[in-house]
>>> print(open('data.cif').read())   # mmCIF, C-alpha atoms
data_my_file
loop_
_atom_site.label_atom_id
_atom_site.label_comp_id
_atom_site.auth_asym_id
_atom_site.auth_seq_id
_atom_site.Cartn_x
_atom_site.Cartn_y
_atom_site.Cartn_z
CA MET A 1 -62.74 26.38 -149.72
CA THR A 2 -66.24 27.57 -148.78
CA THR A 3 -66.75 31.09 -147.49
CA VAL A 4 -68.64 31.93 -144.27
CA ALA A 5 -71.58 33.23 -146.33
CA GLU A 6 -71.75 29.99 -148.33
CA GLN A 7 -71.50 27.97 -145.14
CA LEU A 8 -74.33 29.87 -143.46
CA SER A 9 -76.57 29.54 -146.52
CA THR A 10 -76.45 25.74 -146.20
CA THR A 11 -77.13 25.57 -142.45
CA THR A 12 -80.55 25.38 -140.84
CA LEU A 13 -82.00 27.98 -138.50
CA LEU A 14 -83.16 27.20 -134.94
CA ARG A 15 -85.19 29.65 -132.90
CA PHE A 16 -85.00 28.88 -129.19
CA ALA A 17 -85.86 30.56 -125.90
CA THR A 18 -84.47 30.27 -122.38
CA ALA A 19 -86.60 30.42 -119.25
CA GLY A 20 -86.27 29.72 -115.55
CA SER A 21 -86.73 31.12 -112.08
CA VAL A 22 -84.87 34.14 -110.77
CA ASP A 23 -81.13 33.49 -110.24
CA ASP A 24 -81.24 30.10 -111.95
CA GLY A 25 -78.50 31.35 -114.28
CA LYS A 26 -80.26 31.95 -117.61
CA SER A 27 -78.19 34.94 -118.64
CA THR A 28 -74.98 33.26 -117.45
CA LEU A 29 -75.83 30.19 -119.54
CA VAL A 30 -76.45 32.33 -122.61
CA GLY A 31 -73.24 34.27 -121.99
CA ARG A 32 -71.29 31.04 -121.58
CA LEU A 33 -72.85 29.65 -124.75
CA LEU A 34 -71.88 32.74 -126.72
CA HIS A 35 -68.40 32.94 -125.17
CA ASP A 36 -67.40 29.29 -125.49
CA SER A 37 -68.77 28.99 -129.03
CA LYS A 38 -66.59 31.98 -130.04
CA SER A 39 -69.68 34.04 -130.88
CA VAL A 40 -68.62 37.13 -128.89
CA LEU A 41 -66.72 39.96 -130.53
CA THR A 42 -63.50 41.10 -128.85
CA ASP A 43 -64.81 44.57 -128.01
CA GLN A 44 -67.96 43.05 -126.46
CA LEU A 45 -65.88 40.78 -124.23
CA GLU A 46 -63.61 43.67 -123.25
CA ALA A 47 -66.65 45.77 -122.29
CA VAL A 48 -67.98 42.92 -120.11
CA GLU A 49 -64.57 42.47 -118.46
CA HIS A 50 -64.37 46.21 -117.77
CA ALA A 51 -67.90 46.31 -116.31
CA SER A 52 -67.16 43.26 -114.17
CA ARG A 53 -63.97 44.83 -112.74
CA ASN A 54 -65.90 48.00 -111.90
CA ARG A 55 -68.30 45.85 -109.88
CA GLY A 56 -65.43 44.24 -107.98
CA GLN A 57 -65.61 40.87 -109.75
CA GLU A 58 -62.36 39.06 -110.53
CA THR A 59 -63.74 37.08 -113.49
CA PRO A 60 -65.99 38.34 -116.33
CA ASP A 61 -69.70 38.20 -115.53
CA LEU A 62 -70.97 36.57 -118.73
CA ALA A 63 -74.57 37.44 -117.83
CA LEU A 64 -73.77 41.01 -118.86
CA LEU A 65 -73.61 39.84 -122.49
CA THR A 66 -77.41 39.61 -122.51
CA ASP A 67 -78.63 41.79 -119.61
CA GLY A 68 -78.47 45.08 -121.47
CA LEU A 69 -80.90 47.23 -119.48
CA ARG A 70 -79.42 49.34 -116.67
CA ALA A 71 -82.05 48.02 -114.24
CA GLU A 72 -81.12 44.45 -115.20
CA ARG A 73 -77.44 45.02 -114.48
CA GLU A 74 -78.14 46.82 -111.21
CA GLN A 75 -80.45 44.10 -109.90
CA GLY A 76 -78.70 41.15 -111.51
CA ILE A 77 -81.95 39.95 -113.09
CA THR A 78 -83.49 39.75 -116.56
CA ILE A 79 -86.50 42.03 -117.11
CA ASP A 80 -87.07 42.21 -120.85
CA VAL A 81 -86.60 39.66 -123.62
CA ALA A 82 -83.06 39.86 -125.01
CA TYR A 83 -82.56 38.55 -128.54
CA ARG A 84 -79.18 37.30 -129.68
CA TYR A 85 -78.10 36.01 -133.07
CA PHE A 86 -75.16 33.64 -133.46
CA ALA A 87 -74.03 30.76 -135.62
CA THR A 88 -71.79 27.70 -135.62
CA ALA A 89 -70.57 25.64 -138.56
CA ARG A 90 -73.62 23.37 -138.19
CA ARG A 91 -76.52 25.76 -137.56
CA ARG A 92 -77.68 29.36 -137.20
CA PHE A 93 -79.52 30.46 -134.05
CA ILE A 94 -81.95 33.14 -132.91
CA LEU A 95 -82.03 33.13 -129.11
CA ALA A 96 -84.62 34.80 -126.87
CA ASP A 97 -83.40 35.15 -123.27
CA THR A 98 -86.64 35.61 -121.30
CA PRO A 99 -87.20 36.82 -117.70
CA GLY A 100 -87.77 34.53 -114.72
CA HIS A 101 -90.01 36.63 -112.47
CA VAL A 102 -93.67 35.65 -112.23
CA GLN A 103 -94.70 39.18 -113.24
CA TYR A 104 -92.79 38.77 -116.50
CA THR A 105 -94.52 35.58 -117.66
CA ARG A 106 -95.98 37.63 -120.50
CA ASN A 107 -92.43 38.37 -121.68
CA MET A 108 -91.74 34.63 -121.89
CA VAL A 109 -94.86 34.22 -124.02
CA THR A 110 -93.47 36.84 -126.40
CA GLY A 111 -90.05 35.20 -126.58
CA ALA A 112 -91.28 31.62 -126.94
CA SER A 113 -94.15 32.27 -129.35
CA THR A 114 -91.96 31.58 -132.40
CA ALA A 115 -89.48 29.21 -130.73
CA GLU A 116 -88.92 25.65 -131.87
CA LEU A 117 -87.10 24.77 -128.65
CA ALA A 118 -87.24 26.02 -125.06
CA VAL A 119 -84.43 25.68 -122.54
CA VAL A 120 -85.91 25.62 -119.02
CA LEU A 121 -83.30 26.14 -116.30
CA VAL A 122 -83.56 24.71 -112.81
CA ASP A 123 -81.27 25.41 -109.85
CA ALA A 124 -79.99 22.00 -108.72
CA ARG A 125 -80.26 23.14 -105.10
CA ASN A 126 -83.94 24.09 -105.37
CA GLY A 127 -85.29 21.56 -107.86
CA VAL A 128 -88.59 22.03 -109.68
CA VAL A 129 -90.41 25.07 -108.27
CA GLU A 130 -93.69 26.78 -109.17
CA GLN A 131 -92.05 29.02 -111.77
CA THR A 132 -90.49 25.95 -113.42
CA ARG A 133 -93.95 24.43 -113.78
CA ARG A 134 -95.24 27.76 -115.10
CA HIS A 135 -92.59 27.86 -117.80
CA ALA A 136 -93.25 24.23 -118.77
CA ALA A 137 -96.96 25.02 -119.06
CA VAL A 138 -96.31 28.09 -121.22
CA ALA A 139 -94.05 26.03 -123.50
CA ALA A 140 -96.79 23.39 -123.81
CA LEU A 141 -99.49 26.00 -124.49
CA LEU A 142 -97.37 27.58 -127.20
CA ARG A 143 -96.78 24.14 -128.74
CA VAL A 144 -92.99 24.40 -128.51
CA PRO A 145 -92.00 20.97 -129.87
CA HIS A 146 -88.69 20.50 -128.01
CA VAL A 147 -87.95 21.28 -124.36
CA VAL A 148 -84.52 21.05 -122.74
CA LEU A 149 -84.32 20.82 -118.95
CA ALA A 150 -80.96 22.34 -117.99
CA VAL A 151 -80.23 21.45 -114.35
CA ASN A 152 -77.81 24.27 -113.51
CA LYS A 153 -75.35 24.86 -110.66
CA MET A 154 -74.39 21.20 -110.44
CA ASP A 155 -71.05 22.38 -109.04
CA LEU A 156 -72.89 23.52 -105.89
CA VAL A 157 -74.28 20.02 -105.25
CA ASP A 158 -70.93 18.28 -105.84
CA TYR A 159 -72.05 17.11 -109.31
CA ALA A 160 -74.24 14.47 -107.64
CA GLU A 161 -76.06 12.22 -110.11
CA PRO A 162 -78.98 11.40 -107.74
CA VAL A 163 -79.82 15.11 -107.45
CA PHE A 164 -79.98 15.46 -111.23
CA ALA A 165 -81.92 12.23 -111.69
CA ALA A 166 -84.61 13.22 -109.18
CA ILE A 167 -85.14 16.65 -110.76
CA ALA A 168 -85.19 15.21 -114.29
CA GLU A 169 -87.77 12.58 -113.32
CA GLU A 170 -90.09 15.10 -111.63
CA PHE A 171 -89.94 17.60 -114.48
CA THR A 172 -90.34 14.98 -117.21
CA ALA A 173 -93.45 13.58 -115.54
CA TYR A 174 -95.00 17.05 -115.27
CA ALA A 175 -94.12 18.16 -118.82
CA SER A 176 -95.33 14.86 -120.28
CA GLU A 177 -98.67 15.36 -118.54
CA LEU A 178 -98.91 18.74 -120.30
CA GLY A 179 -98.33 17.04 -123.64
CA VAL A 180 -94.77 18.15 -124.46
CA PRO A 181 -93.62 15.62 -127.10
CA GLU A 182 -89.87 15.68 -126.45
CA ILE A 183 -87.93 16.46 -123.26
CA THR A 184 -84.13 16.31 -122.90
CA ALA A 185 -82.47 16.74 -119.49
CA ILE A 186 -78.85 17.97 -119.29
CA PRO A 187 -76.82 18.57 -116.07
CA ILE A 188 -74.74 21.75 -116.38
CA SER A 189 -72.79 24.43 -114.59
CA ALA A 190 -73.13 27.64 -116.60
CA LEU A 191 -70.61 29.45 -114.40
CA ALA A 192 -67.92 26.77 -114.79
CA GLY A 193 -68.88 25.78 -118.34
CA ASP A 194 -69.70 22.14 -117.59
CA ASN A 195 -71.74 20.52 -120.41
CA VAL A 196 -72.56 23.87 -122.02
CA VAL A 197 -70.23 23.73 -125.02
CA GLU A 198 -67.63 21.26 -123.80
CA PRO A 199 -68.33 17.95 -121.97
CA SER A 200 -67.81 18.09 -118.22
CA ALA A 201 -64.86 16.31 -116.61
CA HIS A 202 -66.78 16.26 -113.31
CA MET A 203 -69.82 14.28 -114.52
CA ASP A 204 -68.50 11.13 -116.16
CA TRP A 205 -71.79 9.46 -115.21
CA TYR A 206 -73.59 11.58 -117.85
CA GLY A 207 -73.30 10.31 -121.40
CA GLY A 208 -75.68 12.64 -123.22
CA PRO A 209 -75.02 15.71 -125.37
CA THR A 210 -73.87 19.13 -124.23
CA VAL A 211 -76.32 22.02 -124.56
CA LEU A 212 -74.70 23.28 -127.77
CA GLU A 213 -74.45 19.80 -129.25
CA HIS A 214 -78.16 19.25 -128.65
CA LEU A 215 -79.02 22.66 -130.13
CA GLU A 216 -76.97 21.84 -133.21
CA THR A 217 -78.49 18.40 -133.79
CA VAL A 218 -82.13 18.60 -132.64
CA PRO A 219 -84.39 18.02 -135.67
CA VAL A 220 -86.10 21.20 -136.80
CA ALA A 221 -89.22 19.65 -138.31
CA HIS A 222 -91.16 22.74 -139.33
CA ASP A 223 -91.59 22.22 -143.04
CA LEU A 224 -94.15 24.92 -143.78
CA THR A 225 -94.76 23.51 -147.24
CA ALA A 226 -96.37 20.42 -145.72
CA CYS A 227 -98.92 22.44 -143.72
CA HIS A 228 -102.38 23.66 -144.68
CA ALA A 229 -101.77 26.29 -147.38
CA ARG A 230 -102.74 29.77 -146.20
CA PHE A 231 -102.21 33.19 -147.81
CA PRO A 232 -103.31 36.30 -145.84
CA VAL A 233 -103.76 39.18 -148.27
CA GLN A 234 -101.72 42.18 -147.22
CA TYR A 235 -102.13 44.55 -150.16
CA VAL A 236 -104.03 44.77 -153.45
CA ILE A 237 -101.83 45.85 -156.37
CA ARG A 238 -103.60 47.82 -159.14
CA PRO A 239 -101.00 49.81 -161.14
CA GLN A 240 -103.52 50.92 -163.83
CA SER A 241 -100.60 52.04 -165.94
CA ALA A 242 -100.15 51.95 -169.69
CA GLU A 243 -97.90 48.93 -169.30
CA HIS A 244 -100.27 47.09 -166.94
CA PRO A 245 -103.77 48.48 -167.55
CA ASP A 246 -105.69 45.47 -166.21
CA TYR A 247 -103.25 44.04 -163.65
CA ARG A 248 -104.82 43.02 -160.32
CA GLY A 249 -102.63 41.14 -157.86
CA TYR A 250 -102.92 40.22 -154.21
CA ALA A 251 -99.65 40.63 -152.33
CA GLY A 252 -98.59 39.10 -149.04
CA GLN A 253 -96.47 36.46 -147.34
CA ILE A 254 -97.48 32.82 -147.59
CA ALA A 255 -98.15 31.79 -143.98
CA ALA A 256 -97.99 28.05 -144.63
CA GLY A 257 -98.10 25.47 -147.38
CA ALA A 258 -97.59 25.96 -151.12
CA PHE A 259 -99.65 27.46 -153.96
CA ARG A 260 -99.54 26.46 -157.64
CA VAL A 261 -100.74 28.04 -160.84
CA GLY A 262 -104.01 26.41 -161.91
CA GLU A 263 -105.03 25.51 -158.36
CA GLN A 264 -108.61 26.22 -157.30
CA VAL A 265 -108.75 28.47 -154.24
CA THR A 266 -111.36 29.98 -151.95
CA VAL A 267 -111.29 33.55 -150.64
CA LEU A 268 -112.37 33.80 -147.03
CA PRO A 269 -114.52 34.89 -145.33
CA SER A 270 -116.64 35.57 -148.44
CA GLY A 271 -116.34 31.97 -149.66
CA ARG A 272 -115.95 32.94 -153.33
CA THR A 273 -113.84 30.61 -155.45
CA SER A 274 -111.45 31.12 -158.32
CA THR A 275 -108.31 29.68 -159.89
CA ILE A 276 -104.74 30.93 -159.52
CA GLU A 277 -103.91 32.40 -162.90
CA GLY A 278 -100.38 33.49 -162.06
CA ILE A 279 -97.84 33.90 -159.27
CA ASP A 280 -95.30 36.73 -159.29
CA ALA A 281 -92.21 36.48 -157.08
CA LEU A 282 -89.44 39.08 -157.13
CA GLY A 283 -90.76 40.49 -160.38
CA GLU A 284 -90.83 37.15 -162.20
CA ALA A 285 -93.66 34.74 -162.95
CA VAL A 286 -93.35 31.33 -161.25
CA ASP A 287 -95.44 28.17 -161.31
CA ILE A 288 -95.24 27.43 -157.57
CA ALA A 289 -94.53 29.37 -154.36
CA TRP A 290 -94.27 28.24 -150.77
CA ALA A 291 -93.98 29.57 -147.22
CA PRO A 292 -92.51 31.88 -146.12
CA GLN A 293 -92.10 33.54 -149.53
CA SER A 294 -93.61 36.97 -150.20
CA VAL A 295 -95.45 36.83 -153.51
CA THR A 296 -98.33 38.26 -155.52
CA LEU A 297 -101.19 35.97 -156.54
CA ARG A 298 -103.29 36.68 -159.62
CA LEU A 299 -106.73 35.08 -159.86
CA ALA A 300 -108.61 34.10 -163.01
CA ASP A 301 -111.85 35.76 -161.89
CA ASP A 302 -112.44 39.40 -161.04
CA ILE A 303 -113.79 38.97 -157.51
CA ASP A 304 -113.76 41.24 -154.46
CA VAL A 305 -110.57 40.56 -152.48
CA SER A 306 -109.09 43.04 -150.01
CA ARG A 307 -106.55 43.29 -147.20
CA GLY A 308 -107.38 40.88 -144.39
CA ASP A 309 -108.92 38.22 -146.62
CA LEU A 310 -107.43 34.74 -146.54
CA ILE A 311 -106.80 32.69 -149.70
CA ALA A 312 -106.72 28.91 -149.23
CA PRO A 313 -107.07 25.82 -151.44
CA SER A 314 -110.77 25.06 -151.92
CA ALA A 315 -110.24 21.43 -150.83
CA ASP A 316 -108.61 22.51 -147.56
CA ALA A 317 -110.23 25.81 -146.58
CA PRO A 318 -111.00 26.55 -142.91
CA ALA A 319 -114.58 27.25 -141.91
CA PRO A 320 -115.13 30.94 -141.00
CA THR A 321 -116.56 31.58 -137.55
CA GLN A 322 -117.64 34.49 -135.38
CA ASP A 323 -117.33 32.59 -132.09
CA VAL A 324 -113.68 32.14 -131.16
CA GLU A 325 -112.85 29.77 -128.29
CA ALA A 326 -109.23 30.07 -127.22
CA THR A 327 -106.60 30.10 -124.52
CA VAL A 328 -105.10 33.52 -123.90
CA CYS A 329 -102.18 34.87 -121.93
CA HIS A 330 -103.07 38.31 -120.59
CA VAL A 331 -100.15 40.67 -121.18
CA ALA A 332 -101.56 44.09 -120.25
CA ASP A 333 -101.55 45.77 -116.83
CA ARG A 334 -105.28 46.52 -117.10
CA PRO A 335 -107.60 43.47 -116.67
CA LEU A 336 -109.62 41.71 -119.36
CA SER A 337 -113.27 41.42 -118.31
CA VAL A 338 -116.45 39.74 -119.53
CA GLY A 339 -118.42 42.12 -121.75
CA GLN A 340 -115.34 44.14 -122.72
CA ARG A 341 -115.17 45.44 -126.28
CA VAL A 342 -111.87 44.69 -128.02
CA LEU A 343 -110.24 44.43 -131.43
CA LEU A 344 -109.11 41.00 -132.60
CA LYS A 345 -106.13 40.93 -134.95
CA HIS A 346 -105.66 37.69 -136.91
CA THR A 347 -102.93 37.65 -139.57
CA THR A 348 -103.62 40.80 -141.63
CA ARG A 349 -107.26 41.14 -140.55
CA THR A 350 -108.48 43.24 -137.59
CA VAL A 351 -112.16 43.11 -136.54
CA LYS A 352 -114.28 44.40 -133.69
CA ALA A 353 -115.16 41.85 -131.00
CA ILE A 354 -116.59 41.43 -127.52
CA VAL A 355 -115.48 39.11 -124.73
CA LYS A 356 -118.58 36.96 -124.20
CA GLU A 357 -117.22 34.64 -121.54
CA ILE A 358 -114.14 33.78 -119.48
CA PRO A 359 -114.91 30.16 -118.53
CA SER A 360 -111.77 29.51 -116.48
CA ARG A 361 -108.35 30.64 -115.33
CA LEU A 362 -105.48 28.15 -115.28
CA THR A 363 -103.66 27.47 -112.01
CA LEU A 364 -100.23 26.44 -113.19
CA ASP A 365 -98.92 24.84 -110.00
CA ASP A 366 -101.41 21.96 -110.25
CA LEU A 367 -103.00 22.58 -113.70
CA SER A 368 -106.44 23.03 -112.13
CA GLN A 369 -109.04 25.31 -113.68
CA HIS A 370 -110.48 28.13 -111.58
CA PRO A 371 -114.04 28.45 -112.96
CA ALA A 372 -115.65 31.75 -114.01
CA PRO A 373 -113.01 34.18 -112.71
CA GLY A 374 -114.84 37.13 -114.29
CA GLN A 375 -111.62 38.72 -115.47
CA LEU A 376 -107.98 38.02 -116.24
CA VAL A 377 -105.15 40.20 -114.92
CA ALA A 378 -101.53 40.57 -116.04
CA ASN A 379 -99.75 37.24 -116.60
CA ASP A 380 -102.95 35.20 -116.14
CA ILE A 381 -103.60 32.34 -118.56
CA GLY A 382 -107.24 31.44 -119.13
CA ARG A 383 -109.93 30.29 -121.53
CA VAL A 384 -112.06 32.90 -123.30
CA VAL A 385 -114.96 32.98 -125.74
CA VAL A 386 -114.90 35.98 -128.07
CA ARG A 387 -117.69 37.02 -130.46
CA THR A 388 -116.44 38.89 -133.53
CA ALA A 389 -118.38 41.38 -135.65
CA GLU A 390 -117.19 39.68 -138.85
CA PRO A 391 -116.32 36.05 -139.63
CA LEU A 392 -112.70 34.94 -139.25
CA ALA A 393 -110.94 32.02 -140.91
CA LEU A 394 -108.90 30.67 -138.01
CA ASP A 395 -107.14 27.33 -137.79
CA ALA A 396 -106.67 25.51 -134.51
CA TYR A 397 -103.38 26.61 -132.93
CA ALA A 398 -102.40 22.93 -132.67
CA ASP A 399 -102.60 22.72 -136.48
CA SER A 400 -100.88 26.01 -137.27
CA ARG A 401 -99.09 28.35 -134.91
CA ARG A 402 -99.28 31.09 -137.55
CA THR A 403 -102.95 31.07 -138.53
CA GLY A 404 -104.19 29.77 -135.17
CA SER A 405 -102.89 32.71 -133.15
CA PHE A 406 -104.31 36.19 -132.65
CA LEU A 407 -104.08 39.32 -130.50
CA LEU A 408 -106.76 41.08 -128.47
CA ILE A 409 -106.24 44.86 -128.61
CA ASP A 410 -107.73 47.77 -126.67
CA PRO A 411 -109.61 49.86 -129.27
CA ALA A 412 -109.10 53.04 -127.23
CA ASP A 413 -105.32 53.25 -127.42
CA GLY A 414 -104.07 50.22 -129.37
CA THR A 415 -102.57 48.46 -126.33
CA THR A 416 -102.13 44.71 -126.73
CA LEU A 417 -104.30 43.05 -124.08
CA ALA A 418 -103.80 39.33 -124.66
CA ALA A 419 -102.15 36.80 -126.94
CA GLY A 420 -104.56 34.08 -128.01
CA MET A 421 -104.30 30.50 -129.23
CA ALA A 422 -107.43 29.12 -130.87
CA GLY A 423 -108.71 25.65 -129.98
CA ARG A 424 -107.67 23.26 -127.21
CA SER A 425 -105.27 24.31 -124.46
CA PHE A 426 -102.97 21.33 -124.02
CA ALA A 427 -102.35 18.32 -126.24
CA THR A 428 -103.93 15.06 -125.18
CA THR A 429 -101.79 11.95 -124.70
CA ALA A 430 -103.20 10.46 -127.91
CA ALA A 431 -102.40 13.62 -129.82
CA VAL A 432 -98.86 13.66 -128.48
CA ASP A 433 -98.31 10.04 -129.52
CA ALA A 434 -99.49 10.84 -133.03
CA VAL A 435 -97.41 14.00 -133.24
CA ALA A 436 -94.29 12.36 -131.87
CA ASP A 437 -94.13 10.26 -135.03
CA GLU A 438 -93.79 13.49 -137.00
CA GLU A 439 -91.02 14.87 -134.75
CA GLY A 440 -92.98 17.76 -133.27
CA TRP A 441 -96.04 19.88 -133.82
CA ASP A 442 -97.09 21.23 -137.18
CA PHE A 443 -95.79 24.72 -137.81
#
>>> encode(input="data.cif", output="C-alpha cells")
Amino acid sequence: MTTVAEQLSTTTLLRFATAGSVDDGKSTLVGRLLHDSKSVLTDQLEAVEHASRNRGQETPDLALLTDGLRAEREQGITIDVAYRYFATARRRFILADTPGHVQYTRNMVTGASTAELAVVLVDARNGVVEQTRRHAAVAALLRVPHVVLAVNKMDLVDYAEPVFAAIAEEFTAYASELGVPEITAIPISALAGDNVVEPSAHMDWYGGPTVLEHLETVPVAHDLTACHARFPVQYVIRPQSAEHPDYRGYAGQIAAGAFRVGEQVTVLPSGRTSTIEGIDALGEAVDIAWAPQSVTLRLADDIDVSRGDLIAPSADAPAPTQDVEATVCHVADRPLSVGQRVLLKHTTRTVKAIVKEIPSRLTLDDLSQHPAPGQLVANDIGRVVVRTAEPLALDAYADSRRTGSFLLIDPADGTTLAAGMAGRSFATTAAVDAVADEEGWDF
C-alpha cells in the first residue's frame, strides 16, 4: 500500500488562478473546492463555522477559507492574492485566489504570472462584463495556456441552458480573438456545489467535466527541458581552499532547457564562448542537468563570468539588446512616464534604464490602442520602449515566460513599478494554431 508521500511524489503539479468581477463568487468557489475535496482541516472548518454564526449566517460561509484579511471579511470582497495548497489522489495544486476589483488588476497579474490555468468566473445573471474581458485579456497577455469559464450562480437563473450557452459563446469568441489556445466553459453553483466537485443533478443537459475533474485532467504541457536552455548566474563559487585551490563554479537555477557536460556555451552579454567542463548538483558531479534544478556549472576556460550573466548553448543563444520593446502592467500607485529613469531587473541581472517611449495604452473593453498616452497609471496595461545602460539577453515572452519577463523598479526606493513581457502583446491566430498542436505555450 502506497503512502501519502509516495502518492504525492508521483502526481503532477498544477498552478492555477481564479479571477472574476466583484461578488461573482470566487472565494466561495475556492472554499467549496477545498471543502468538497476534503482539503480543509477540521479546526479550519470549525473556525469558519464559528465566524459564520457570529455574522448571523445559518450555514458556513466557505469564502472565509480564503478571505483572510480583516478588511476582506468585513466587506465580503477579496483584496489581496490568497494562495492555497491542496492535493487530490491525481494531482497537487497551488491556487492563487485573485481580487475582482478593477483597482486590483495588478494583483491578478501577480497571481496569474506563474499559472498554467486561469478560472474566470462570471455571474450568470450579469453575463460577460468589462472586468470579465479585462481578466481574459490579462490571461492572454500572460500566456496562460488554459482558461476555464466558470458560469456561476446558475441556481439563480433556474439552471437554464440558454443562459449558459449565450455567455459561453460570447466569452469564447472574445478570448479566441485574444489568442487564448484553449477555453473550457463549465456551468456551476459554488454556493450549492453544482459541478464544482460533484456533477449537478439540476443540469442534466451538461455533459462536460466538473471543475475539479477538469483541474485534475487538463494536460500540463510545460516541459522545461524542451525549451531554449537558459542559465542565469546567481553566484560565483571560489572556495580557494587547500582542498579546492583552483575551483571556479557558477551557481544558479536552470531557468529552462537542459545542459550537458561537453556542450559549447556562450556567456551573455559578453558573447565569450567556452565548454561545460563539469556540472555539480547536490555535491555530486553529473553529466546532465535540467530545469528547474539548482546546480553549479564549471567551464573549461577561465573567462569573466559574474552574477547577472546568462549562460546559453552557443547554437541557441539570444541576441543581447539595449532597446527593450514590451507590454507592461503598471502596478505602482505613482505613474510611469516617458523619460523616467528606472532599474530593469531581468532574471538575476539588474541594470539602469530609461523609459524612451510609451507608444500606446490598451483599452481592454474593446482591445483598442490609445496612442501616446504619455504615462501609465496603476492597473494600466500598455506598450513601452525601454533603453538600458547595458545589453540584456532577453527572450520573447511568447517563447519563455521565465526569461522573457522583467520588472521595472524605482531606483529611489526599490518600489516595483511595472511587470513587463518582452515582445508581442497578444498571440496571432496563426501562432495560436501552431501552439495548439503543442497543447499550450512554451514555458
>>> resolve_selection(input="data.cif", expression="the PyMOL selection byres ((chain A and resi 114-121) around 6)", output="list of chain:residue names")
A:Arg15, A:Phe16, A:Ala17, A:Thr18, A:Ala19, A:Gly20, A:Ala112, A:Ser113, A:Val122, A:Val144, A:Pro145, A:His146, A:Val147, A:Val148, A:Leu149, A:Ala150, A:Val151
>>> atom_distance(input="data.cif", atom1="CA of Ala291 in chain A", atom2="CA of Pro232 in chain A")
11.6 Å
>>> atom_distance(input="data.cif", atom1="CA of Val328 in chain A", atom2="CA of Val128 in chain A")
24.6 Å
>>> closest_residue(input="data.cif", among="A:Asp155, A:Gly414, A:Val236, A:Val163", to="Ser200 in chain A", atoms="only C-alpha atoms")
A:Asp155
>>> closest_residue(input="data.cif", among="A:Val295, A:Leu29, A:Met203, A:Met421", to="Pro162 in chain A", atoms="all atoms listed in the file")
A:Met203
>>> atom_distance(input="data.cif", atom1="CA of Gly278 in chain A", atom2="CA of Asp302 in chain A")
13.5 Å
>>> resolve_selection(input="data.cif", expression="the PyMOL selection byres ((chain A and resi 404-408) around 9)", output="JSON, numbers by chain")
{"A": [328, 342, 343, 344, 345, 346, 347, 353, 394, 395, 396, 397, 398, 399, 400, 401, 402, 403, 409, 410, 415, 416, 417, 418, 419, 420, 421, 422, 423]}
>>> write_last_selection(input="data.cif", atoms="C-alpha atoms", output="compact mmCIF listing (two decimals), in the coordinates of the input")
# COMPACT_ATOMS: atom_id res chain seq x y z
CA VAL A 328 -105.10 33.52 -123.90
CA VAL A 342 -111.87 44.69 -128.02
CA LEU A 343 -110.24 44.43 -131.43
CA LEU A 344 -109.11 41.00 -132.60
CA LYS A 345 -106.13 40.93 -134.95
CA HIS A 346 -105.66 37.69 -136.91
CA THR A 347 -102.93 37.65 -139.57
CA ALA A 353 -115.16 41.85 -131.00
CA LEU A 394 -108.90 30.67 -138.01
CA ASP A 395 -107.14 27.33 -137.79
CA ALA A 396 -106.67 25.51 -134.51
CA TYR A 397 -103.38 26.61 -132.93
CA ALA A 398 -102.40 22.93 -132.67
CA ASP A 399 -102.60 22.72 -136.48
CA SER A 400 -100.88 26.01 -137.27
CA ARG A 401 -99.09 28.35 -134.91
CA ARG A 402 -99.28 31.09 -137.55
CA THR A 403 -102.95 31.07 -138.53
CA ILE A 409 -106.24 44.86 -128.61
CA ASP A 410 -107.73 47.77 -126.67
CA THR A 415 -102.57 48.46 -126.33
CA THR A 416 -102.13 44.71 -126.73
CA LEU A 417 -104.30 43.05 -124.08
CA ALA A 418 -103.80 39.33 -124.66
CA ALA A 419 -102.15 36.80 -126.94
CA GLY A 420 -104.56 34.08 -128.01
CA MET A 421 -104.30 30.50 -129.23
CA ALA A 422 -107.43 29.12 -130.87
CA GLY A 423 -108.71 25.65 -129.98
>>> residues_around(input="data.cif", residues="Glu263 in chain A", least_positions_apart="5", cutoff="12 Å", atoms="all atoms listed in the file", output="ChimeraX atom specification")
/A:229,258,273-279,287-289,297-300,311-316
>>> closest_residue(input="data.cif", among="A:Leu142, A:Ile188, A:Ala255, A:Ile358", to="Ala372 in chain A", atoms="all atoms listed in the file")
A:Ile358
>>> residues_near_point(input="data.cif", point="(-108.1, 35.9, -151.4)", cutoff="7 Å", atoms="only C-alpha atoms", output="PyMOL selection string")
chain A and resi 233+266-268+305+309-311
>>> residues_around(input="data.cif", residues="Arg32 in chain A", least_positions_apart="2", cutoff="8 Å", atoms="all atoms listed in the file", output="list of chain:residue names")
A:Thr28, A:Leu29, A:Val30, A:Leu34, A:His35, A:Asp36, A:Leu62, A:Ala190, A:Leu191, A:Gly193, A:Val196
>>> residues_near_point(input="data.cif", point="(-116.7, 40.0, -122.5)", cutoff="7 Å", atoms="only C-alpha atoms", output="mmCIF file with C-alpha atoms, keeping the file's coordinate frame")
data_model
loop_
_atom_site.group_PDB
_atom_site.id
_atom_site.type_symbol
_atom_site.label_atom_id
_atom_site.label_comp_id
_atom_site.auth_asym_id
_atom_site.auth_seq_id
_atom_site.Cartn_x
_atom_site.Cartn_y
_atom_site.Cartn_z
ATOM 1 C CA SER A 337 -113.270 41.420 -118.310
ATOM 2 C CA VAL A 338 -116.450 39.740 -119.530
ATOM 3 C CA GLY A 339 -118.420 42.120 -121.750
ATOM 4 C CA GLN A 340 -115.340 44.140 -122.720
ATOM 5 C CA ARG A 341 -115.170 45.440 -126.280
ATOM 6 C CA ILE A 354 -116.590 41.430 -127.520
ATOM 7 C CA VAL A 355 -115.480 39.110 -124.730
ATOM 8 C CA LYS A 356 -118.580 36.960 -124.200
ATOM 9 C CA GLU A 357 -117.220 34.640 -121.540
#
>>> residues_around(input="data.cif", residues="Gln234 in chain A", least_positions_apart="6", cutoff="8 Å", atoms="only C-alpha atoms", output="NGL selection string")
:A and (250-253 or 306-308 or 348)
>>> residues_around(input="data.cif", residues="range 378-392 of chain A", least_positions_apart="4", cutoff="6 Å", atoms="all atoms listed in the file", output="JSON, numbers by chain")
{"A": [105, 106, 320, 321, 322, 323, 324, 325, 326, 327, 328, 329, 330, 331, 332, 333, 352, 353, 354, 355, 356, 357, 358, 359, 360, 361, 362]}
>>> closest_residue(input="data.cif", among="A:His135, A:Phe259, A:Leu33, A:Ser27", to="Leu215 in chain A", atoms="only C-alpha atoms")
A:Leu33
